[in-house]
Each structure stands twice: as C-alpha cells, then as structure tokens.
$ cat protein.pdb   # PDB, C-alpha atoms, pLDDT in the B column
ATOM      1  CA  MET A 236      17.630  14.595 -27.117  1.00 57.00           C
ATOM      2  CA  LYS A 237      14.174  13.019 -27.007  1.00 73.00           C
ATOM      3  CA  LYS A 238      13.350  11.263 -23.766  1.00 91.00           C
ATOM      4  CA  HIS A 239      11.283   8.106 -23.468  1.00 95.00           C
ATOM      5  CA  PHE A 240       8.798   7.385 -20.690  1.00 96.00           C
ATOM      6  CA  TYR A 241       7.487   4.021 -19.487  1.00 97.00           C
ATOM      7  CA  LEU A 242       4.943   3.038 -16.858  1.00 96.00           C
ATOM      8  CA  VAL A 243       5.912  -0.179 -15.060  1.00 97.00           C
ATOM      9  CA  THR A 244       3.727  -2.085 -12.599  1.00 96.00           C
ATOM     10  CA  VAL A 245       5.255  -4.426 -10.027  1.00 97.00           C
ATOM     11  CA  GLN A 246       4.245  -6.533  -7.059  1.00 97.00           C
ATOM     12  CA  PHE A 247       6.310  -7.346  -3.997  1.00 98.00           C
ATOM     13  CA  LEU A 248       6.332  -8.994  -0.599  1.00 97.00           C
ATOM     14  CA  GLY A 249       7.354  -6.212   1.740  1.00 96.00           C
ATOM     15  CA  TYR A 250       8.281  -8.264   4.809  1.00 95.00           C
ATOM     16  CA  ARG A 251      12.072  -7.870   4.467  1.00 94.00           C
ATOM     17  CA  PHE A 252      12.059  -4.347   3.021  1.00 96.00           C
ATOM     18  CA  HIS A 253      12.143  -0.986   4.779  1.00 95.00           C
ATOM     19  CA  GLY A 254       9.377   0.372   2.566  1.00 93.00           C
ATOM     20  CA  TRP A 255       9.558   1.760  -0.956  1.00 93.00           C
ATOM     21  CA  GLN A 256      11.670   4.898  -0.614  1.00 92.00           C
ATOM     22  CA  LYS A 257      15.469   4.704  -0.730  1.00 91.00           C
ATOM     23  CA  GLN A 258      17.110   5.217   2.662  1.00 91.00           C
ATOM     24  CA  PRO A 259      20.802   5.168   3.650  1.00 90.00           C
ATOM     25  CA  HIS A 260      22.086   1.701   4.618  1.00 91.00           C
ATOM     26  CA  LEU A 261      18.623   0.090   4.388  1.00 93.00           C
ATOM     27  CA  LYS A 262      17.169  -2.379   1.897  1.00 95.00           C
ATOM     28  CA  THR A 263      14.133  -0.883   0.178  1.00 97.00           C
ATOM     29  CA  VAL A 264      12.027  -1.863  -2.836  1.00 97.00           C
ATOM     30  CA  HIS A 265      13.113   1.184  -4.860  1.00 97.00           C
ATOM     31  CA  LEU A 266      16.772   0.433  -4.137  1.00 97.00           C
ATOM     32  CA  MET A 267      16.484  -3.141  -5.428  1.00 97.00           C
ATOM     33  CA  ILE A 268      14.582  -2.038  -8.540  1.00 98.00           C
ATOM     34  CA  ASP A 269      17.204   0.587  -9.377  1.00 97.00           C
ATOM     35  CA  ARG A 270      20.048  -1.876  -8.766  1.00 96.00           C
ATOM     36  CA  THR A 271      18.439  -4.335 -11.152  1.00 97.00           C
ATOM     37  CA  LEU A 272      17.823  -1.686 -13.817  1.00 97.00           C
ATOM     38  CA  LYS A 273      21.400  -0.462 -13.544  1.00 96.00           C
ATOM     39  CA  PHE A 274      22.611  -4.013 -14.201  1.00 96.00           C
ATOM     40  CA  ILE A 275      20.380  -4.797 -17.193  1.00 96.00           C
ATOM     41  CA  LEU A 276      20.602  -1.327 -18.794  1.00 95.00           C
ATOM     42  CA  GLU A 277      24.402  -1.370 -18.415  1.00 92.00           C
ATOM     43  CA  ASP A 278      25.721   2.108 -19.256  1.00 84.00           C
ATOM     44  CA  GLN A 279      22.423   3.646 -20.318  1.00 92.00           C
ATOM     45  CA  PRO A 280      21.333   6.582 -18.094  1.00 94.00           C
ATOM     46  CA  PHE A 281      17.924   6.164 -16.433  1.00 95.00           C
ATOM     47  CA  LYS A 282      15.722   7.548 -13.694  1.00 95.00           C
ATOM     48  CA  THR A 283      12.794   6.025 -11.813  1.00 96.00           C
ATOM     49  CA  LEU A 284       9.965   7.678  -9.907  1.00 94.00           C
ATOM     50  CA  GLY A 285       7.452   5.766  -7.777  1.00 93.00           C
ATOM     51  CA  SER A 286       3.729   6.514  -7.603  1.00 90.00           C
ATOM     52  CA  GLY A 287       3.928   6.817  -3.812  1.00 86.00           C
ATOM     53  CA  ARG A 288       5.550   5.399  -0.699  1.00 86.00           C
ATOM     54  CA  THR A 289       4.776   2.283   1.272  1.00 90.00           C
ATOM     55  CA  ASP A 290       5.897   1.695   4.851  1.00 91.00           C
ATOM     56  CA  ALA A 291       8.339  -0.957   6.009  1.00 94.00           C
ATOM     57  CA  MET A 292       6.882  -4.481   5.735  1.00 95.00           C
ATOM     58  CA  VAL A 293       3.901  -3.347   3.606  1.00 96.00           C
ATOM     59  CA  SER A 294       3.353  -5.503   0.504  1.00 97.00           C
ATOM     60  CA  ALA A 295       1.845  -4.756  -2.906  1.00 97.00           C
ATOM     61  CA  GLN A 296      -0.247  -6.712  -5.352  1.00 96.00           C
ATOM     62  CA  GLU A 297       0.194  -3.821  -7.765  1.00 96.00           C
ATOM     63  CA  ALA A 298       2.485  -0.831  -7.355  1.00 95.00           C
ATOM     64  CA  ALA A 299       3.843   1.384 -10.126  1.00 95.00           C
ATOM     65  CA  PHE A 300       6.831   3.453 -11.113  1.00 96.00           C
ATOM     66  CA  GLU A 301       7.805   5.576 -14.104  1.00 95.00           C
ATOM     67  CA  LEU A 302      11.006   4.803 -15.985  1.00 97.00           C
ATOM     68  CA  PHE A 303      12.769   7.634 -17.842  1.00 96.00           C
ATOM     69  CA  LEU A 304      15.255   6.720 -20.599  1.00 96.00           C
ATOM     70  CA  GLU A 305      17.269   8.562 -23.227  1.00 93.00           C
ATOM     71  CA  GLN A 306      17.196   5.573 -25.589  1.00 92.00           C
ATOM     72  CA  PRO A 307      13.958   3.712 -26.422  1.00 94.00           C
ATOM     73  CA  LEU A 308      13.369   0.088 -25.511  1.00 95.00           C
ATOM     74  CA  ASP A 309      13.205  -2.014 -28.680  1.00 91.00           C
ATOM     75  CA  ASP A 310      11.113  -4.869 -27.300  1.00 95.00           C
ATOM     76  CA  LEU A 311       9.043  -4.282 -24.179  1.00 97.00           C
ATOM     77  CA  GLU A 312       8.221  -7.960 -23.600  1.00 96.00           C
ATOM     78  CA  SER A 313      11.879  -8.984 -23.808  1.00 97.00           C
ATOM     79  CA  PHE A 314      12.817  -6.176 -21.440  1.00 97.00           C
ATOM     80  CA  LEU A 315      10.131  -7.267 -18.956  1.00 98.00           C
ATOM     81  CA  GLN A 316      11.411 -10.845 -19.089  1.00 97.00           C
ATOM     82  CA  LEU A 317      15.019  -9.739 -18.535  1.00 97.00           C
ATOM     83  CA  PHE A 318      13.937  -7.456 -15.703  1.00 98.00           C
ATOM     84  CA  ASN A 319      12.173 -10.324 -13.929  1.00 98.00           C
ATOM     85  CA  GLN A 320      15.096 -12.687 -14.408  1.00 98.00           C
ATOM     86  CA  ASN A 321      17.288 -10.312 -12.419  1.00 98.00           C
ATOM     87  CA  LEU A 322      14.926  -8.968  -9.771  1.00 98.00           C
ATOM     88  CA  PRO A 323      15.006 -10.636  -6.333  1.00 97.00           C
ATOM     89  CA  GLN A 324      12.385 -13.336  -5.939  1.00 96.00           C
ATOM     90  CA  ASP A 325      10.144 -11.229  -3.702  1.00 96.00           C
ATOM     91  CA  ILE A 326       9.679  -8.563  -6.422  1.00 98.00           C
ATOM     92  CA  ARG A 327       7.990  -9.249  -9.767  1.00 98.00           C
ATOM     93  CA  ALA A 328       7.391  -6.900 -12.690  1.00 98.00           C
ATOM     94  CA  LEU A 329       3.878  -7.243 -14.123  1.00 98.00           C
ATOM     95  CA  THR A 330       3.545  -4.864 -17.072  1.00 97.00           C
ATOM     96  CA  ILE A 331       5.353  -2.141 -18.976  1.00 97.00           C
ATOM     97  CA  LYS A 332       3.934   0.355 -21.450  1.00 96.00           C
ATOM     98  CA  GLU A 333       5.197   3.531 -23.074  1.00 96.00           C
ATOM     99  CA  VAL A 334       3.570   6.804 -22.030  1.00 94.00           C
ATOM    100  CA  ASP A 335       4.089  10.330 -23.320  1.00 92.00           C
ATOM    101  CA  SER A 336       5.739  13.309 -21.671  1.00 90.00           C
ATOM    102  CA  SER A 337       2.402  14.624 -20.366  1.00 90.00           C
ATOM    103  CA  PHE A 338       2.040  11.640 -18.042  1.00 92.00           C
ATOM    104  CA  ASN A 339       3.175  12.314 -14.476  1.00 89.00           C
ATOM    105  CA  ILE A 340       3.015   9.382 -12.078  1.00 92.00           C
ATOM    106  CA  ILE A 341       2.819  11.679  -9.050  1.00 86.00           C
ATOM    107  CA  ASN A 342       0.326  14.269 -10.305  1.00 82.00           C
ATOM    108  CA  ASN A 343      -1.907  12.182 -12.566  1.00 79.00           C
ATOM    109  CA  SER A 344      -5.214  11.485 -10.864  1.00 66.00           C
ATOM    110  CA  LYS A 345      -5.309   7.972  -9.482  1.00 83.00           C
ATOM    111  CA  LEU A 346      -7.365   5.740  -7.235  1.00 92.00           C
ATOM    112  CA  LYS A 347      -5.578   3.422  -4.835  1.00 94.00           C
ATOM    113  CA  GLU A 348      -7.056   0.344  -3.254  1.00 96.00           C
ATOM    114  CA  TYR A 349      -5.551  -1.049  -0.060  1.00 97.00           C
ATOM    115  CA  LEU A 350      -6.378  -4.285   1.710  1.00 98.00           C
ATOM    116  CA  TYR A 351      -5.695  -5.074   5.351  1.00 98.00           C
ATOM    117  CA  LEU A 352      -5.634  -8.824   6.012  1.00 98.00           C
ATOM    118  CA  PHE A 353      -6.195 -10.031   9.566  1.00 98.00           C
ATOM    119  CA  THR A 354      -7.522 -12.776  11.790  1.00 97.00           C
ATOM    120  CA  HIS A 355      -8.296 -12.982  15.502  1.00 97.00           C
ATOM    121  CA  GLY A 356      -8.650 -15.188  18.528  1.00 95.00           C
ATOM    122  CA  THR A 357      -5.784 -17.686  18.285  1.00 93.00           C
ATOM    123  CA  LYS A 358      -2.107 -17.812  17.394  1.00 94.00           C
ATOM    124  CA  ASN A 359      -1.603 -18.801  13.758  1.00 94.00           C
ATOM    125  CA  HIS A 360       1.050 -20.590  11.740  1.00 96.00           C
ATOM    126  CA  PRO A 361       4.218 -18.452  11.536  1.00 96.00           C
ATOM    127  CA  PHE A 362       4.043 -18.584   7.718  1.00 97.00           C
ATOM    128  CA  CYS A 363       1.044 -16.224   7.943  1.00 96.00           C
ATOM    129  CA  ALA A 364       3.170 -13.441   9.419  1.00 95.00           C
ATOM    130  CA  PRO A 365       4.403 -11.742   6.199  1.00 95.00           C
ATOM    131  CA  ILE A 366       0.922 -10.749   4.995  1.00 96.00           C
ATOM    132  CA  MET A 367      -1.557 -11.331   7.826  1.00 97.00           C
ATOM    133  CA  THR A 368      -1.936  -9.660  11.209  1.00 97.00           C
ATOM    134  CA  THR A 369      -3.129 -11.838  14.084  1.00 96.00           C
ATOM    135  CA  ILE A 370      -5.090 -10.148  16.871  1.00 97.00           C
ATOM    136  CA  LEU A 371      -5.094 -12.551  19.822  1.00 96.00           C
ATOM    137  CA  ASP A 372      -8.120 -10.909  21.437  1.00 94.00           C
ATOM    138  CA  SER A 373     -11.577 -11.997  20.382  1.00 96.00           C
ATOM    139  CA  LEU A 374     -13.123  -9.317  18.139  1.00 97.00           C
ATOM    140  CA  ASP A 375     -16.729  -8.374  17.399  1.00 98.00           C
ATOM    141  CA  ILE A 376     -16.499  -8.615  13.605  1.00 98.00           C
ATOM    142  CA  GLU A 377     -20.094  -7.520  12.967  1.00 98.00           C
ATOM    143  CA  LEU A 378     -19.541  -4.323  14.968  1.00 98.00           C
ATOM    144  CA  MET A 379     -16.282  -3.716  13.100  1.00 98.00           C
ATOM    145  CA  LYS A 380     -18.173  -4.014   9.792  1.00 98.00           C
ATOM    146  CA  LYS A 381     -20.467  -1.199  10.951  1.00 98.00           C
ATOM    147  CA  GLY A 382     -17.437   0.822  12.036  1.00 98.00           C
ATOM    148  CA  ALA A 383     -15.786   0.465   8.635  1.00 98.00           C
ATOM    149  CA  THR A 384     -18.748   2.112   6.896  1.00 98.00           C
ATOM    150  CA  CYS A 385     -18.280   5.201   9.101  1.00 97.00           C
ATOM    151  CA  PHE A 386     -15.106   6.020   7.161  1.00 98.00           C
ATOM    152  CA  GLU A 387     -16.815   6.041   3.751  1.00 97.00           C
ATOM    153  CA  GLY A 388     -17.485   9.421   2.163  1.00 96.00           C
ATOM    154  CA  SER A 389     -15.951  12.843   2.824  1.00 96.00           C
ATOM    155  CA  HIS A 390     -14.705  13.395   6.369  1.00 96.00           C
ATOM    156  CA  TYR A 391     -12.068  15.176   8.437  1.00 95.00           C
ATOM    157  CA  PHE A 392      -9.309  12.599   8.968  1.00 96.00           C
ATOM    158  CA  LYS A 393      -6.851  14.453  11.202  1.00 95.00           C
ATOM    159  CA  THR A 394      -7.362  11.849  13.955  1.00 95.00           C
ATOM    160  CA  TYR A 395      -6.109   9.240  11.462  1.00 96.00           C
ATOM    161  CA  CYS A 396      -2.889  10.941  10.371  1.00 94.00           C
ATOM    162  CA  TYR A 397       0.376  10.091  12.145  1.00 91.00           C
ATOM    163  CA  LYS A 398       1.929  13.161  13.781  1.00 88.00           C
ATOM    164  CA  ALA A 399      -0.676  15.496  12.299  1.00 86.00           C
ATOM    165  CA  THR A 400       0.061  19.218  12.244  1.00 86.00           C
ATOM    166  CA  ASN A 401      -2.222  22.232  11.935  1.00 83.00           C
ATOM    167  CA  GLU A 402      -1.098  22.794   8.338  1.00 83.00           C
ATOM    168  CA  GLY A 403      -2.272  19.503   6.834  1.00 84.00           C
ATOM    169  CA  VAL A 404      -5.200  18.985   4.453  1.00 89.00           C
ATOM    170  CA  TYR A 405      -7.382  16.592   6.382  1.00 92.00           C
ATOM    171  CA  HIS A 406     -10.645  16.770   4.477  1.00 94.00           C
ATOM    172  CA  ARG A 407     -10.442  13.592   2.394  1.00 94.00           C
ATOM    173  CA  THR A 408     -12.877  11.339   0.545  1.00 95.00           C
ATOM    174  CA  ILE A 409     -12.893   7.555   0.792  1.00 97.00           C
ATOM    175  CA  GLU A 410     -14.796   5.867  -2.022  1.00 96.00           C
ATOM    176  CA  THR A 411     -15.037   2.448  -0.361  1.00 97.00           C
ATOM    177  CA  CYS A 412     -14.398   1.169   3.151  1.00 98.00           C
ATOM    178  CA  GLU A 413     -15.726  -2.271   3.935  1.00 98.00           C
ATOM    179  CA  LEU A 414     -14.791  -5.214   6.119  1.00 98.00           C
ATOM    180  CA  ILE A 415     -15.368  -8.550   4.395  1.00 98.00           C
ATOM    181  CA  GLU A 416     -14.452 -12.195   4.857  1.00 98.00           C
ATOM    182  CA  ASN A 417     -11.190 -13.084   3.101  1.00 98.00           C
ATOM    183  CA  THR A 418     -11.635 -15.206  -0.026  1.00 96.00           C
ATOM    184  CA  LEU A 419      -8.846 -13.551  -2.019  1.00 96.00           C
ATOM    185  CA  PHE A 420      -5.774 -14.986  -0.286  1.00 96.00           C
ATOM    186  CA  THR A 421      -5.638 -18.698   0.518  1.00 95.00           C
ATOM    187  CA  ALA A 422      -3.057 -21.153   1.833  1.00 96.00           C
ATOM    188  CA  ASN A 423      -3.240 -24.498   3.612  1.00 96.00           C
ATOM    189  CA  PHE A 424      -1.633 -22.935   6.705  1.00 96.00           C
ATOM    190  CA  PHE A 425      -4.144 -20.046   6.925  1.00 97.00           C
ATOM    191  CA  PRO A 426      -6.724 -20.061   9.727  1.00 96.00           C
ATOM    192  CA  GLU A 427     -10.215 -21.267   8.894  1.00 94.00           C
ATOM    193  CA  LYS A 428     -11.486 -17.680   8.795  1.00 96.00           C
ATOM    194  CA  SER A 429      -9.717 -14.426   8.084  1.00 97.00           C
ATOM    195  CA  TYR A 430     -10.906 -10.969   7.120  1.00 98.00           C
ATOM    196  CA  ILE A 431     -10.030  -8.041   4.857  1.00 98.00           C
ATOM    197  CA  LEU A 432     -10.544  -4.328   5.346  1.00 98.00           C
ATOM    198  CA  ARG A 433     -10.887  -2.943   1.808  1.00 98.00           C
ATOM    199  CA  VAL A 434     -10.265   0.790   1.380  1.00 98.00           C
ATOM    200  CA  ARG A 435     -10.335   2.726  -1.884  1.00 97.00           C
ATOM    201  CA  GLY A 436      -9.655   6.427  -2.419  1.00 95.00           C
ATOM    202  CA  LYS A 437      -7.586   9.061  -4.209  1.00 90.00           C
ATOM    203  CA  GLY A 438      -5.090   9.931  -1.518  1.00 83.00           C
ATOM    204  CA  PHE A 439      -4.096   8.711   1.913  1.00 92.00           C
ATOM    205  CA  MET A 440      -2.048  10.348   4.645  1.00 91.00           C
ATOM    206  CA  ARG A 441       0.805   8.863   6.627  1.00 90.00           C
ATOM    207  CA  ASN A 442      -0.344   5.652   8.356  1.00 94.00           C
ATOM    208  CA  GLN A 443      -3.982   6.584   7.678  1.00 96.00           C
ATOM    209  CA  ILE A 444      -5.269   3.110   6.860  1.00 97.00           C
ATOM    210  CA  ARG A 445      -3.292   1.472   9.681  1.00 97.00           C
ATOM    211  CA  LEU A 446      -4.751   4.037  12.109  1.00 97.00           C
ATOM    212  CA  MET A 447      -8.252   3.390  10.763  1.00 98.00           C
ATOM    213  CA  MET A 448      -7.654  -0.336  11.200  1.00 98.00           C
ATOM    214  CA  GLY A 449      -6.349   0.350  14.707  1.00 98.00           C
ATOM    215  CA  ALA A 450      -9.616   2.100  15.530  1.00 98.00           C
ATOM    216  CA  LEU A 451     -11.608  -0.855  14.199  1.00 98.00           C
ATOM    217  CA  ILE A 452      -9.562  -3.282  16.299  1.00 98.00           C
ATOM    218  CA  LYS A 453     -10.231  -1.147  19.390  1.00 98.00           C
ATOM    219  CA  LEU A 454     -13.903  -1.087  18.437  1.00 98.00           C
ATOM    220  CA  GLY A 455     -13.944  -4.875  18.068  1.00 98.00           C
ATOM    221  CA  ARG A 456     -12.325  -5.278  21.500  1.00 97.00           C
ATOM    222  CA  GLY A 457     -14.845  -2.946  23.119  1.00 97.00           C
ATOM    223  CA  ASP A 458     -12.314  -0.208  23.901  1.00 97.00           C
ATOM    224  CA  ILE A 459     -14.202   2.456  21.894  1.00 97.00           C
ATOM    225  CA  THR A 460     -17.715   2.837  20.451  1.00 97.00           C
ATOM    226  CA  LEU A 461     -19.216   3.526  17.032  1.00 97.00           C
ATOM    227  CA  GLU A 462     -20.064   6.997  18.308  1.00 97.00           C
ATOM    228  CA  TYR A 463     -16.376   7.592  19.090  1.00 97.00           C
ATOM    229  CA  ILE A 464     -15.426   6.869  15.460  1.00 97.00           C
ATOM    230  CA  GLN A 465     -18.231   9.064  14.146  1.00 97.00           C
ATOM    231  CA  GLU A 466     -17.210  11.979  16.386  1.00 96.00           C
ATOM    232  CA  SER A 467     -13.512  11.524  15.546  1.00 97.00           C
ATOM    233  CA  LEU A 468     -14.258  12.305  11.888  1.00 97.00           C
ATOM    234  CA  LYS A 469     -15.667  15.763  12.577  1.00 95.00           C
ATOM    235  CA  PRO A 470     -13.571  18.954  12.088  1.00 93.00           C
ATOM    236  CA  GLU A 471     -13.878  19.865  15.768  1.00 91.00           C
ATOM    237  CA  SER A 472     -12.435  16.525  16.916  1.00 91.00           C
ATOM    238  CA  LYS A 473      -9.284  16.732  19.042  1.00 90.00           C
ATOM    239  CA  GLU A 474      -8.864  12.956  19.299  1.00 89.00           C
ATOM    240  CA  VAL A 475      -5.560  11.296  18.441  1.00 91.00           C
ATOM    241  CA  MET A 476      -5.741   7.602  17.566  1.00 93.00           C
ATOM    242  CA  ASP A 477      -3.087   5.905  19.685  1.00 90.00           C
ATOM    243  CA  TYR A 478      -3.050   2.478  18.028  1.00 95.00           C
ATOM    244  CA  ILE A 479      -1.412   1.896  14.649  1.00 96.00           C
ATOM    245  CA  ALA A 480      -2.219  -1.580  13.343  1.00 97.00           C
ATOM    246  CA  PRO A 481       0.876  -3.646  12.391  1.00 96.00           C
ATOM    247  CA  ALA A 482       2.313  -2.952   8.933  1.00 95.00           C
ATOM    248  CA  SER A 483       2.584  -6.535   7.702  1.00 92.00           C
ATOM    249  CA  GLY A 484      -1.184  -6.912   7.225  1.00 95.00           C
ATOM    250  CA  LEU A 485      -1.362  -3.983   4.777  1.00 98.00           C
ATOM    251  CA  ILE A 486      -1.310  -4.624   1.031  1.00 97.00           C
ATOM    252  CA  LEU A 487      -1.466  -2.077  -1.798  1.00 97.00           C
ATOM    253  CA  ASN A 488      -3.843  -3.981  -4.041  1.00 96.00           C
ATOM    254  CA  LYS A 489      -4.379  -1.812  -7.095  1.00 94.00           C
ATOM    255  CA  ILE A 490      -3.667   1.579  -8.658  1.00 93.00           C
ATOM    256  CA  ASP A 491      -5.994   3.007 -11.313  1.00 92.00           C
ATOM    257  CA  PHE A 492      -4.722   6.000 -13.299  1.00 86.00           C
ATOM    258  CA  THR A 493      -7.536   8.133 -14.671  1.00 69.00           C
TER     259      THR A 493
END
$ encode --input "protein.pdb" --output "structure tokens"
Amino acid sequence: MKKHFYLVTVQFLGYRFHGWQKQPHLKTVHLMIDRTLKFILEDQPFKTLGSGRTDAMVSAQEAAFELFLEQPLDDLESFLQLFNQNLPQDIRALTIKEVDSSFNIINNSKLKEYLYLFTHGTKNHPFCAPIMTTILDSLDIELMKKGATCFEGSHYFKTYCYKATNEGVYHRTIETCELIENTLFTANFFPEKSYILRVRGKGFMRNQIRLMMGALIKLGRGDITLEYIQESLKPESKEVMDYIAPASGLILNKIDFT
C-alpha cells in the first residue's frame, strides 16, 4: 500500500506543556496533536514524527512535524481548517504540504532559529511570564551584546551542554548569535524595554541556548568576564556552566529545511 507523507508546521504557547515529547501522565504538545488527529481522522491509521524536542514551558513561533498516512488527504486547506478547529487554543497549525518518501524530518538538513526574550531591573506584569524572563538584577546590556558574539562561529560547546559526557560531539557551528532590542513581540503590559537573544544554527544540544543565555546573564551581572566565555569555548576547557536560564523565555522561531 502506498503511503502518503505531509509536512505540517505549527505554533504553540508552551507555558502549560511539559515540552514536545510524549511522557507518561504529562500533558505535552505532541500528545495534544496526536489526540486531535485521532479525533478528526477517525479510524484512519496515522503516525507523527516531530522535527525535534522542546523543553517544558518553551514556546514556538514555528515548529514542524511529519504526518504519515495510508490514505491521501483530498483537500489540504479543509484538513488544516478542521485541524485548527479541534486543537486546543494554545496550539495552531500554520501550513501543510505533501512531501515524498525521501523527505525525513529528522535527517534532512535544517537550520533552526531560537529567540530568548528577557527584560531586567524591575518586576513586570504577570502576563509577561509565559514568554518573557525577568531578571531582577540590573544587567550590562552592552557587555552582554559583546558576549553574544563570542558564541558565533565554530567552537567547542561542551560547557554549554547539560550533563555532558565524554562521548558527545561538542564541536558545533552557530551561524548567528546576537543580542538585540525587542521589537518583534509587543503588548501594552510589556515593560518599556525588553531584549532578544537571537541564535541560529543547524543543531543544538540539550539546554544549550539556555546555558548560553545563563552565561550572558552572569556576564551582565558581573559574575564572569568576556575572557571566561572565550576560554569556555576552547576544547581544553573544563568549565561547567552552572546557570540555566528559565525555559519560559525561549521560543523556537523558525525552521528552514534545506
């Protein structure tokens, strides 16, 4: 029997979910997507495979999964509309397109862009909490901007992998790492100024971006120096970053399949 393959992009607010991956007795994004598909596809067999995992409370502007079916979808737009009508309100399907059997959502080369949204100095409106991290300490933003550029390029990122082992592949390349003022997300309850760490690359390790952000927060507080970050990216480094920035500020912004 011929199988049919579809690439679906979605966005979600991760604040009430325990990440993407299904876990026993926990509400996850993948669980809710599969529950919805089971309802709208009725008795039709299906399988879904995500492009990667996100941690608990991490949100996505654009995530993706592959849908495998034995019967083709007659009308993709109607299916997308039905899918959205039945998804919970904090998950929205964006696009669907048919792909061929050679496409593999895990192995196909892809670039991922993550954003980390934060502010500092004062307590903010509680409505900010789902997507913005508030650092109560005053931070040196200009120094943090310099620190962010240290991560660009090819480096040894073992210091920025949670529970790293001696068997991991830690030489990674980051295409873009910049700290900029936030103009992308706005709300009348947001602070006057907020900031985004923008990171783009092919592959990231467990908690890598949150550990990088943790280092930048420590840099902004004066706990570490630029030289510390530079030395931590060398193969001989034995440093272990001890501060993981909170998950709720992290947003998977875009996935580009190449």
$ resolve_selection --input "protein.pdb" --expression "the PyMOL selection byres ((chain A and resi 373) around 6)" --output "JSON list (two decimals) with C-alpha atoms, in the frame of the given file"
[["chain", "number", "residue", "atom", "x", "y", "z"],
["A", 355, "HIS", "CA", -8.30, -12.98, 15.50],
["A", 356, "GLY", "CA", -8.65, -15.19, 18.53],
["A", 372, "ASP", "CA", -8.12, -10.91, 21.44],
["A", 374, "LEU", "CA", -13.12, -9.32, 18.14]]
$ closest_residue --input "protein.pdb" --among "A:Ser467, A:Arg456, A:Val334, A:Thr271" --to "Tyr391 of chain A" --atoms "all atoms listed in the file"
A:Ser467
$ resolve_selection --input "protein.pdb" --expression "the PyMOL selection byres ((chain A and resi 432) around 7)" --output "PDB file with C-alpha atoms, in the coordinates of the input"
ATOM      1  CA  LEU A 350      -6.378  -4.285   1.710  1.00 98.00           C
ATOM      2  CA  TYR A 351      -5.695  -5.074   5.351  1.00 98.00           C
ATOM      3  CA  LEU A 352      -5.634  -8.824   6.012  1.00 98.00           C
ATOM      4  CA  GLU A 413     -15.726  -2.271   3.935  1.00 98.00           C
ATOM      5  CA  LEU A 414     -14.791  -5.214   6.119  1.00 98.00           C
ATOM      6  CA  ILE A 415     -15.368  -8.550   4.395  1.00 98.00           C
ATOM      7  CA  TYR A 430     -10.906 -10.969   7.120  1.00 98.00           C
ATOM      8  CA  ILE A 431     -10.030  -8.041   4.857  1.00 98.00           C
ATOM      9  CA  ARG A 433     -10.887  -2.943   1.808  1.00 98.00           C
ATOM     10  CA  VAL A 434     -10.265   0.790   1.380  1.00 98.00           C
TER      11      VAL A 434
END
$ resolve_selection --input "protein.pdb" --expression "the PyMOL selection byres ((chain A and resi 354) around 6)" --output "list in words"
Phe353, His355, Thr369 and Ser429 of chain A
$ residues_around --input "protein.pdb" --residues "Arg445 of chain A" --least-positions-apart "6" --cutoff "8 Å" --atoms "only C-alpha atoms" --output "list of chain:residue names"
A:Ile479, A:Ala480, A:Pro481, A:Ala482, A:Leu485
$ closest_residue --input "protein.pdb" --among "A:Met367, A:Leu468, A:Ile331, A:Leu311" --to "Phe424 of chain A" --atoms "all atoms listed in the file"
A:Met367
$ closest_residue --input "protein.pdb" --among "A:Phe420, A:Phe274, A:Tyr349, A:Phe338" --to "Asn321 of chain A" --atoms "all atoms listed in the file"
A:Phe274
$ residues_around --input "protein.pdb" --residues "segment 438-444 of chain A" --least-positions-apart "2" --cutoff "6 Å" --atoms "all atoms listed in the file" --output "list of chain:residue names"
A:Tyr395, A:Cys396, A:Tyr397, A:Gly436, A:Leu446, A:Met447
$ residues_around --input "protein.pdb" --residues "His253 of chain A" --least-positions-apart "4" --cutoff "9 Å" --atoms "all atoms listed in the file" --output "PDB file with C-alpha atoms, in the frame of the given file"
ATOM      1  CA  GLY A 249       7.354  -6.212   1.740  1.00 96.00           C
ATOM      2  CA  LYS A 257      15.469   4.704  -0.730  1.00 91.00           C
ATOM      3  CA  GLN A 258      17.110   5.217   2.662  1.00 91.00           C
ATOM      4  CA  LEU A 261      18.623   0.090   4.388  1.00 93.00           C
ATOM      5  CA  LYS A 262      17.169  -2.379   1.897  1.00 95.00           C
ATOM      6  CA  THR A 263      14.133  -0.883   0.178  1.00 97.00           C
ATOM      7  CA  VAL A 264      12.027  -1.863  -2.836  1.00 97.00           C
ATOM      8  CA  THR A 289       4.776   2.283   1.272  1.00 90.00           C
ATOM      9  CA  ASP A 290       5.897   1.695   4.851  1.00 91.00           C
ATOM     10  CA  ALA A 291       8.339  -0.957   6.009  1.00 94.00           C
ATOM     11  CA  MET A 292       6.882  -4.481   5.735  1.00 95.00           C
ATOM     12  CA  VAL A 293       3.901  -3.347   3.606  1.00 96.00           C
TER      13      VAL A 293
END
